[in-house]
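Only one structure is covered here, and it is reproduced in the block below.
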Amino acid sequence: MSGTSSAGAITSGGILNGLTPVDAGGELEVDNSPAIVDASGHTVTIGEKAYGVGGVLEAVVTSGMVAGSSGSDISSQPITVGGKVTTAAEAIEEAAKTGNGTSGSITSLQHGDNFLPRGISTDMNVTAPMATMTMTGTGLLSDMPGAQIVVDPMTLYQEFIGTGGALTASSAYVLMNYLTEAELDALLEEVFVTNGQNCLRVCFGSSDYTYQTYQTYDDVSTDGTWSSFSIAMDEQCVIPVLQKILQKNPKIWFLGAAWTPPAYLKSNKSLIGGNFVSNAANNTAYANYHVLILQEYAKRGIFFTQISGQNEPQSISTVYPSCGWTADALASFYVALRSALDNAGFADVGILAGDCNWGDVAAYTASLTAGSQALASVDGVALHGYNGNVVTAQPTMRLLGKDWYHTEWITFTGANNVTWLNTIAADLCIASVRAGAKALVLWNIFLDQNGAPVEEQILGTWECRPLIAVQNDKSGTLTRNLEYYLFSHLMRFVQRGARVMRSNSFAVGTPAGTENWQHDNVSATDVENVGFLNPDGTRILFVLNPLTTSQTVTITDSQTGTSFVATLAAQSAFTFVWGAGDIVDTAVEFTAPGAPTLATPGQDSSGRVTVGISPPASAGSTPISVYRIYDAENDSAPLYVIPGTATSFTDTLLTTGSVRSYYATAVGGGGESDHSNTVTGTPPKNSDSYTLKAAATGSVGAAIPITLAANNAGPAADVIVTLSDGGAGGTFTPETVTLKADSTTPLQSTYTGVSAAEVTISATNNGSLTDPSAIEITLNEITPYLAATATGAGAATTGTAKAIAGSVVECFVDCELDSYVNASTFSLLVGNYPTSGASTLTSQFNLLIGTGGEAIVQYYDNNKAYCYSIATLPAALSGRVMFHSVANISLTDSYTDKLGNVIPASGIVIQVSQDGGKTYTTCAAVKGNASKYGSINPAATPNQMAVGHLAENAGQIFSATVYDGTGTAIWSPDFTTQTAGATTFTDAESNPWAVDTGASITSG
């Protein structure tokens, strides 16, 4: 609704004088002229009450009819709303009460307002989707609650457009052929009105999901004139369905994308596979082709907001329409397309770069350089979810400085809802939006119950689960899948023009002391959330509980300063909504937790007082945030404040011989509890012994760390410890170590042996401490190895890079595992698939050491699909270790590896040996995704093969060998046979290698 003033409130008797009768959906007029000033943020005073023009008066004017001329006060103006005659004042008052509230005259939330939020939930198994929750109101917190989510409507980020899916030819076909008109109308009303889905991706020509023969809009002409251009293929089903949807929701965001250009523009002259032949003539012709598409669709009332240059330019399929592009070719085409669109009157249609995977975006936007015409030609970037993740894509997105949109991700038929709850809710609805995504679009929005219609070969390879499946027996039966409900959780309430608002995250790995309002995080391991602010001031908070137990959270609106408590069922998603219409007059009183219980104090291994703490019988209104630990004799301030999840505390401040009494309180949103029982700690004891530790093996001439530490609270006085190797001739640095009084800090010496032998190391002290047992160290002759001294350093082949072919990759890596200290990121052992910047154009496979005690095999298959296996390493794995991995990519044949193991089709195995390769232990696989295509990515321009590109500043690689499926060694760098200090060498397969700067071949 247009307003009538540019400033101030709209008061009765003032700015609305001269209001003429308005039919439903009409325009307010002032002095017989249409009002042109947007007053949606103003208020109107009627009957001495203020109402929001945009949020309230619009609802009345557009749903009824002003029956007569208006005067200075339209309070008693007769108006028809929903067929019922009432007065303007009564109608607006009723409209203002939309929601749960009782204070209808308030137009926006203010500081101190209390409200009754609305909530819905959907469980992982979709047994009770979009279920209405029973909610409690808000109140002021007395103290800090546990598990608190704070939303900040005053700090806003990107506008969020919405969610949806691809309306492929197959999607449109099932709607037009398996539903009656009445059934179709009801479904479209539910999806695009009630549940607000408003993003649709449309295929320009055939995609892999079609019921038709693969085709484009002109498969006849070959001279760029497009004399045979026609979109008749879309008029069968796609266009009629889009027109029906627009009748329901005229604010659809349309994205168009082609899977392939017409064949004459491609290297192989086929719609399937091949590459775009990039030159000026072809760019112009293909740009004009897109103009024709937009013109023909516009004639039918369908207007695209944005288009992309090519769907998945990294994927060159041998099965369905596709086309490979280089980054340079795409950049050139974007410039030509922008010019063609502008000249044809489509300047408002944006171009999205990429339309590729998170993991490929760096490669496919590399030519969009700062200040370039190509970068200026695109409005944003489209990303898919098939490799990489939102974290890996962020550096590129920040560099480009463009908006981004998530435009495709497939859910497989038979998918595990535990996985997809995390994938769709955590990675898309939360992590991607928090990282800047403006829209979320999945693959087919509708298909039948079998994931069809689609070519049989595709159906047998990957079966797409649509948002909603339509039974193909024409019974009208619908299956609404989890991802549909998750998207509906957002769009039932999020309005066009909504902005993402700040809210804190429970993300694992959040740096201590930081708010982490926005974060890069995937695969949630705790409660996560994302918030939105509607143009009318309504707040929407989408929350995921991925855990197997229910959780209670406290949600605080930072603008009102009031909070409410919500219980989150296990493995479920939730949406909470509140706005001015939910304001209530009564505040909730939060209760404090009960008192905790302290156990009888004990001592830890250092002799310090340790006290167990048990939670109270009642946590009060909110979860417990912290326990406050007090000195019972001096309790003006807490000694310690520990997390509310803690089960004990240790008094690190109590000195030897001292005594302290303790009590504790529990703290929640309702305040601090009463005191717990009081307990008295036993004073710490001084040391009576100490420990001696070292690695069981080492190399001659290499310094071996030896660690000594006193027990209990440390010795009463300084103690000098002398080390000995029993006359073996080695040296200690230093030879004596002083254990300081009242200290348990471990101290270190190093031992350097002179010859290969088993050496006994002993320690004696000059005090009264009991000496530890002697330890044995086996010294081996030094073997040359590749040592990394800088992050990312190792060795790699040089010259013309080779690619591995076929259906099997088998490799062995001999390394020193203890050298991988503090592995906070992935470390590459061997492979031509780097840990960052991987691309399907250049990457094939790798073997990694992971961040949490696991080994990982990754590879791309011949359809550019990302495949992997994560396996847990055996506990206490250390020292020199031989890794062995096999990826059998074949869909039909087993493979007998070098150790005689039979690896089944599609099998991935990771093994380790701690005895030099005599025996191997198979690591337990915990997660993975095998190929559905049967061979490895051909990688026409492969990366160099690399060894030991380590994420940490340490690493020792002795040798590596990579075999193909014939058992032939392709690469075999053996550093044990090289000369220390060498920077280049040739392996047994005649591959030249070079050692990186920051790495070296060393003998000690």
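Going through the structure tokens in order, the chains are called A, B, and so on, while each chain numbers its residues from 1 and the ligands are numbered from 1 in the order shown.
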Exercise. Which residues, written as a VMD selection string, have at least one atom at most 6 Å from Val238 (chain A), with only C-alpha atoms counted and residues fewer than 3 positions away on the same chain left out?
Worked result: chain A and resid 169 172 234 241
Emit the selected residues as an mmCIF file, in the first residue's frame, including all heavy atoms.
```
data_model
loop_
_atom_site.group_PDB
_atom_site.id
_atom_site.type_symbol
_atom_site.label_atom_id
_atom_site.label_comp_id
_atom_site.auth_asym_id
_atom_site.auth_seq_id
_atom_site.Cartn_x
_atom_site.Cartn_y
_atom_site.Cartn_z
ATOM 1 N N ALA A 169 11.527 -30.502 -16.124
ATOM 2 C CA ALA A 169 10.467 -31.066 -16.969
ATOM 3 C C ALA A 169 9.810 -32.253 -16.273
ATOM 4 O O ALA A 169 8.593 -32.436 -16.348
ATOM 5 C CB ALA A 169 11.055 -31.488 -18.316
ATOM 6 N N ALA A 172 7.378 -30.944 -13.561
ATOM 7 C CA ALA A 172 6.139 -30.448 -14.142
ATOM 8 C C ALA A 172 5.279 -31.592 -14.674
ATOM 9 O O ALA A 172 4.047 -31.571 -14.570
ATOM 10 C CB ALA A 172 6.459 -29.457 -15.262
ATOM 11 N N ASP A 234 8.726 -26.746 -23.622
ATOM 12 C CA ASP A 234 8.348 -26.328 -22.278
ATOM 13 C C ASP A 234 6.854 -26.035 -22.164
ATOM 14 O O ASP A 234 6.309 -25.972 -21.053
ATOM 15 C CB ASP A 234 9.141 -25.087 -21.863
ATOM 16 C CG ASP A 234 10.617 -25.393 -21.649
ATOM 17 O OD1 ASP A 234 10.970 -26.581 -21.595
ATOM 18 O OD2 ASP A 234 11.417 -24.444 -21.547
ATOM 19 N N VAL A 241 2.593 -25.160 -15.649
ATOM 20 C CA VAL A 241 2.746 -25.262 -14.196
ATOM 21 C C VAL A 241 3.281 -23.953 -13.621
ATOM 22 O O VAL A 241 2.789 -23.469 -12.581
ATOM 23 C CB VAL A 241 3.680 -26.434 -13.825
ATOM 24 C CG1 VAL A 241 4.045 -26.378 -12.342
ATOM 25 C CG2 VAL A 241 3.006 -27.759 -14.142
#
```
Determine, counting only C-alpha atoms, which protein, DNA and RNA residues have an atom within 12 Å of an atom of Asp473 (chain A); residues of the same chain fewer than 3 positions away are not included. Present the result as a compact mmCIF listing (two decimals) with all heavy atoms, in the first residue's frame.
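In the end it all went to result-v2.txt:
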```
# COMPACT_ATOMS: atom_id res chain seq x y z
N VAL A 174 4.92 -34.73 -13.58
CA VAL A 174 4.16 -35.48 -12.58
C VAL A 174 2.96 -34.67 -12.09
O VAL A 174 1.90 -35.24 -11.78
CB VAL A 174 5.03 -35.93 -11.40
CG1 VAL A 174 6.16 -36.82 -11.87
CG2 VAL A 174 5.59 -34.75 -10.61
N ASN A 177 0.25 -34.76 -14.97
CA ASN A 177 -0.26 -36.05 -15.40
C ASN A 177 -0.77 -36.95 -14.29
O ASN A 177 -1.52 -37.89 -14.57
CB ASN A 177 0.83 -36.79 -16.18
CG ASN A 177 1.08 -36.19 -17.54
OD1 ASN A 177 0.41 -36.50 -18.51
ND2 ASN A 177 2.07 -35.29 -17.61
N TYR A 178 -0.39 -36.70 -13.04
CA TYR A 178 -0.79 -37.61 -11.97
C TYR A 178 -1.77 -37.00 -10.98
O TYR A 178 -2.22 -37.68 -10.06
CB TYR A 178 0.46 -38.08 -11.19
CG TYR A 178 1.48 -38.81 -12.04
CD1 TYR A 178 2.84 -38.78 -11.70
CD2 TYR A 178 1.11 -39.52 -13.18
CE1 TYR A 178 3.78 -39.44 -12.47
CE2 TYR A 178 2.06 -40.17 -13.95
CZ TYR A 178 3.39 -40.13 -13.60
OH TYR A 178 4.33 -40.78 -14.36
N LEU A 179 -2.10 -35.71 -11.16
CA LEU A 179 -3.04 -35.05 -10.26
C LEU A 179 -4.21 -34.47 -11.03
O LEU A 179 -4.06 -34.03 -12.18
CB LEU A 179 -2.33 -33.91 -9.50
CG LEU A 179 -1.16 -34.28 -8.58
CD1 LEU A 179 -0.52 -33.02 -8.01
CD2 LEU A 179 -1.64 -35.19 -7.45
N THR A 180 -5.36 -34.44 -10.39
CA THR A 180 -6.50 -33.74 -10.97
C THR A 180 -6.29 -32.25 -10.82
O THR A 180 -5.41 -31.79 -10.07
CB THR A 180 -7.80 -34.14 -10.26
OG1 THR A 180 -7.74 -33.67 -8.90
CG2 THR A 180 -7.99 -35.66 -10.25
N ASP A 448 7.89 -38.48 -9.01
CA ASP A 448 7.01 -39.54 -8.49
C ASP A 448 7.73 -40.29 -7.37
O ASP A 448 8.85 -39.96 -6.99
CB ASP A 448 6.53 -40.46 -9.61
CG ASP A 448 7.62 -41.39 -10.16
OD1 ASP A 448 8.69 -41.53 -9.54
OD2 ASP A 448 7.38 -42.01 -11.22
N GLN A 449 7.07 -41.31 -6.85
CA GLN A 449 7.60 -42.02 -5.68
C GLN A 449 8.88 -42.79 -5.99
O GLN A 449 9.62 -43.19 -5.07
CB GLN A 449 6.54 -42.98 -5.11
CG GLN A 449 6.31 -44.24 -5.93
CD GLN A 449 5.34 -44.04 -7.10
OE1 GLN A 449 5.04 -42.91 -7.47
NE2 GLN A 449 4.86 -45.14 -7.66
N ASN A 450 9.20 -42.98 -7.27
CA ASN A 450 10.42 -43.69 -7.66
C ASN A 450 11.55 -42.74 -8.06
O ASN A 450 12.60 -43.18 -8.52
CB ASN A 450 10.11 -44.62 -8.84
CG ASN A 450 9.08 -45.67 -8.48
OD1 ASN A 450 9.14 -46.28 -7.42
ND2 ASN A 450 8.10 -45.87 -9.36
N ALA A 469 6.88 -36.09 -3.24
CA ALA A 469 6.70 -37.16 -4.23
C ALA A 469 5.21 -37.33 -4.52
O ALA A 469 4.37 -37.37 -3.60
CB ALA A 469 7.29 -38.46 -3.72
N VAL A 470 4.88 -37.45 -5.81
CA VAL A 470 3.50 -37.63 -6.26
C VAL A 470 3.34 -39.06 -6.76
O VAL A 470 4.07 -39.49 -7.66
CB VAL A 470 3.16 -36.63 -7.39
CG1 VAL A 470 1.71 -36.82 -7.84
CG2 VAL A 470 3.41 -35.20 -6.94
N GLY A 476 -3.53 -39.46 -6.22
CA GLY A 476 -3.44 -38.19 -5.53
C GLY A 476 -2.63 -38.26 -4.25
O GLY A 476 -2.53 -37.27 -3.51
N THR A 477 -2.02 -39.42 -4.00
CA THR A 477 -1.22 -39.60 -2.78
C THR A 477 0.08 -38.81 -2.88
O THR A 477 0.78 -38.87 -3.89
CB THR A 477 -0.91 -41.08 -2.56
OG1 THR A 477 -2.14 -41.81 -2.45
CG2 THR A 477 -0.10 -41.28 -1.28
N LEU A 478 0.40 -38.09 -1.82
CA LEU A 478 1.60 -37.27 -1.77
C LEU A 478 2.47 -37.70 -0.60
O LEU A 478 1.96 -38.04 0.46
CB LEU A 478 1.24 -35.79 -1.60
CG LEU A 478 0.32 -35.17 -2.65
CD1 LEU A 478 -0.06 -33.76 -2.23
CD2 LEU A 478 0.99 -35.16 -4.01
```
For this session: Can you pull out every residue within 10 Å of region 733-739 of chain A, counting only C-alpha atoms, but drop anything in the same chain fewer than 3 positions away, and send it as a ChimeraX atom specification?
Result: /A:690,703,705-710,714-715,717-724,742-752,763-766
Exercise. If you run DSSP on this backbone, which residues of region 237-333 of chain A come out as strand (DSSP E or B), and could you give them as number ranges by chain?
Worked result: A: 253-258, 266, 272, 275-276, 306-308, 321, 324
Problem set entry | Polymer residues at most 12 Å from Leu428 (chain A), only C-alpha atoms, same-chain spacing of 4 or more positions, as a ChimeraX atom specification | /A:162-163,383-385,389-391,405-409,420-424,432-442,483,486-487,490,520-524,528-530,542,544
Exercise. Which neighbours of Asp974 (chain A) fall inside 8 Å, counting only C-alpha atoms, when residues of the same chain fewer than 2 positions from it are skipped, and could you give them as a PyMOL selection string?
Worked result: chain A and resi 958-960+972+976-978+987
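When the distance limit is 9 Å and only C-alpha atoms are what count, the residues near Val700 (chain A), minus those fewer than 2 positions from it on the same chain, are Gly698, Ala702, Ala703, Thr752, Gly753, Val754, Ser755, Ala756, Ala757, Leu779, Asn780, Glu781, Ile782 and Gly1004 of chain A.
As for CA of Leu368 (chain A) and CA of Ala331 (chain A), they are spaced 6.4 Å apart.
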Exercise. Leaving out Asp403 (chain A) and any residue of its chain fewer than 3 positions from it, which residues lie within 10 Å of it when counting only C-alpha atoms, given as an MDAnalysis selection string?
Worked result: chainID A and resid 158:159 352 378:382 397:398 400 436:439
